[in-house]
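The block underneath contains the structure these notes are about, expressed in structure tokens.
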Amino acid sequence: MARSIPVKANVFILPPQVNGRTDINRLLRELEALEETLITKAAKDNLPSKITSLLNQTALANGYKLLEKTHRQHIAQQLTKIRDHAPTVHISFAAEPSPKVTETLLSWLRSNVHRYALVQIGLQPAIAAGCVLRTPNKIFDMSLGATLQKQTPYLLELLKTAALDAPGPGTIAPAGLPTGQVGKP
Amino acid sequence: MDLGGILLISGGALAAIAAILYIDWRVQHKKPAETEPTIPKAAEPSRPAQGISQIAREDVEHIFNDEFREELRNRGRLHFEKIIGENAMFLQQDLRQTTTQLNEYMRTEITRTLQIEFKKYEQSITDAKQLALDSIEKTVTTIEQQRQLLESQMQNQAETQRNQIIDRFEAQMARIVNHYVMQAIGNQIDLSDQLEFILGELESNKAAIIEDIKHGS
């Protein structure tokens, strides 16, 4: 008779290391493999050594024990539900972001936007700095290029001011200096 | 006096001269035998009469001898020459007068004709000049209109082109500066250093992101 361990967490917690559907699918495949391993294995008290840290963190964050079948099934159900229904946003960076950056952004998204928000990381070297976030219907360009583009009127104003302040071709040089040396130190 | 009258006078004078010359020619070429007085034979009724007649003939021949006849002929010739001279003088005067009148008439007619022709020619020249002036004026007006139209078009085109160049310059200049800034600092900023900027941007777009996710999912 199998022991039933109560679930500690009422709400399933998705660790920030799980970024997107790819990670969830990987976790689901790993859970299936673990299930098969545990079925065929004679000794069911020890976990196989090839379990990834991602699965371990997921289980630990939610208080599950991977040796328990019901816990594994619960994790799989939750992950499947998240995979099928959680919103996914696409974020593009100029370079490959570090895990720290990804986790920070995911933490912000999951604490401010949606509990199970998933991200899909893309690369756009043209944006140089910042990121471009794409939701199902909108694109939020938070790149440096967009910021500079927004500042174009200010740049043009600066250019016009500089052009108006520039000395004309008929400018008279100060006494003792030729025209070409006006303004030079 | 018209031309017909002048020709009639000239023709009459020439006919008179021709008649006088013909009479003179006839007088000079008459035969001497014919000039001698003829004695009709019927006047010799008898011998004494014949003697008288012979004597009379001789007397006549004695009176109208060759010298006398020559004298008469000379007188007649002189008289005729005088008449001819007078007529010639009159004829010359008439001819001179006729010639003068003819010249005057011809001069008047030629002058009048020339004046008419000159007036026509002058009128034609004036008309042609007026036509040329009108044509030139129309051409000048058309050219002026075309020039104004062209000037207006060129000004509009220049203004449009200038505005396009300025707009393009502004847009390109902004793009160039942006591209330069991104190329200059794009690879120098670490993503960890951008986190604060990115989170700030996310915070500013938070409501829109939540709204779109709620309605999109």
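Just remember, in the structure tokens the first chain shown is A, the second B, etc., residues are 1-based per chain, and ligands are 1-based in the order shown.
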Distance cut-off 10 Å, counting only C-alpha atoms - which residues of chain B neighbour chain A? Return them as a count of residues only. 45
Quick one: pick out all alpha helix (DSSP H) residues within range 34-176 of chain A from a backbone DSSP run and write them as a ChimeraX atom specification. /A:34-40,53-62,69-85,99-112,144-150,152-165
For C-alpha atoms, I'd like the residues from the last selection saved as a tab-separated table (two decimals), in the first residue's frame.
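Below is the file out-v2.tsv, written as the result:
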chain	number	residue	atom	x	y	z
A	34	LEU	CA	11.82	8.80	-13.95
A	35	GLU	CA	8.47	7.04	-13.78
A	36	GLU	CA	9.65	4.29	-16.07
A	37	THR	CA	12.91	4.00	-14.20
A	38	LEU	CA	11.18	3.69	-10.87
A	39	ILE	CA	8.74	1.11	-12.23
A	40	THR	CA	11.44	-1.14	-13.57
A	53	SER	CA	18.60	20.15	-10.73
A	54	LEU	CA	15.67	21.80	-12.49
A	55	LEU	CA	13.37	18.95	-11.54
A	56	ASN	CA	14.77	18.85	-8.08
A	57	GLN	CA	14.23	22.56	-7.58
A	58	THR	CA	10.70	22.30	-8.88
A	59	ALA	CA	9.93	19.51	-6.46
A	60	LEU	CA	11.63	21.23	-3.55
A	61	ALA	CA	9.94	24.56	-4.22
A	62	ASN	CA	6.59	22.89	-3.95
A	69	LYS	CA	4.16	8.65	-7.52
A	70	THR	CA	1.28	10.90	-6.62
A	71	HIS	CA	3.66	13.81	-6.22
A	72	ARG	CA	5.21	13.09	-9.57
A	73	GLN	CA	1.80	12.89	-11.13
A	74	HIS	CA	0.78	16.12	-9.46
A	75	ILE	CA	3.90	17.84	-10.71
A	76	ALA	CA	3.25	16.52	-14.22
A	77	GLN	CA	-0.34	17.65	-14.12
A	78	GLN	CA	0.60	21.11	-12.97
A	79	LEU	CA	3.37	21.42	-15.51
A	80	THR	CA	1.08	20.25	-18.27
A	81	LYS	CA	-1.55	22.72	-17.23
A	82	ILE	CA	1.00	25.50	-17.12
A	83	ARG	CA	2.41	24.50	-20.48
A	84	ASP	CA	-1.00	24.54	-22.08
A	85	HIS	CA	-2.47	27.60	-20.48
A	99	PRO	CA	20.64	32.99	-16.25
A	100	LYS	CA	20.67	35.70	-13.63
A	101	VAL	CA	19.14	38.19	-16.04
A	102	THR	CA	16.56	35.68	-17.18
A	103	GLU	CA	15.61	34.76	-13.67
A	104	THR	CA	15.31	38.38	-12.65
A	105	LEU	CA	13.01	39.16	-15.53
A	106	LEU	CA	10.97	36.02	-14.91
A	107	SER	CA	10.63	36.87	-11.27
A	108	TRP	CA	9.37	40.29	-12.17
A	109	LEU	CA	6.95	38.91	-14.72
A	110	ARG	CA	5.61	36.24	-12.40
A	111	SER	CA	5.21	38.64	-9.54
A	112	ASN	CA	3.70	41.49	-11.57
A	144	LEU	CA	18.14	51.68	-26.86
A	145	GLY	CA	17.30	52.25	-30.51
A	146	ALA	CA	13.67	52.91	-29.66
A	147	THR	CA	14.70	55.22	-26.85
A	148	LEU	CA	16.97	57.14	-29.19
A	149	GLN	CA	14.23	57.22	-31.80
A	150	LYS	CA	11.89	58.75	-29.24
A	152	THR	CA	14.90	62.22	-32.25
A	153	PRO	CA	13.06	65.58	-31.93
A	154	TYR	CA	15.39	66.54	-29.13
A	155	LEU	CA	18.37	65.49	-31.27
A	156	LEU	CA	17.06	67.52	-34.20
A	157	GLU	CA	16.57	70.47	-31.92
A	158	LEU	CA	20.16	70.16	-30.80
A	159	LEU	CA	21.31	69.92	-34.42
A	160	LYS	CA	19.34	73.01	-35.42
A	161	THR	CA	20.67	74.92	-32.46
A	162	ALA	CA	24.18	73.89	-33.39
A	163	ALA	CA	23.60	74.87	-37.03
A	164	LEU	CA	22.23	78.28	-36.02
A	165	ASP	CA	25.09	78.91	-33.64
So that I can check the surroundings of Ile23 in chain B, please list as a list in words every protein, DNA and RNA residue that reaches within 10 Å of it, counting only C-alpha atoms and ignoring chain neighbours fewer than 5 positions away. Ala18, Gln28 and Phe80 of chain B
Got time to write the residues from that selection, C-alpha atoms, as a PDB file, in the first residue's frame?
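Here's the written file part_5.pdb:
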ATOM      1  CA  ALA B  18       3.109 115.476-145.475  1.00  0.00           C
ATOM      2  CA  GLN B  28       9.783 120.250-158.644  1.00  0.00           C
ATOM      3  CA  PHE B  80       7.007 127.876-150.123  1.00  0.00           C
TER       4      PHE B  80
END
Between CA of Tyr105 in chain B and CA of Phe90 in chain B, distance in Å (one decimal):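 The value is 21.4 Å.
One distance worth recording is that between CA of Thr100 in chain B and CA of Ser10 in chain B, which is 13.2 Å.
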Quick check, in Å to one decimal: how far apart do CA of Arg112 in chain B and CA of Arg96 in chain B lie?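 Distance between the two atoms: 23.3 Å.
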Strand (DSSP E) call set, DSSP backbone run, range 22-161 of chain A, as a PyMOL selection string: chain A and resi 88-93+118-123+130-134+139-143
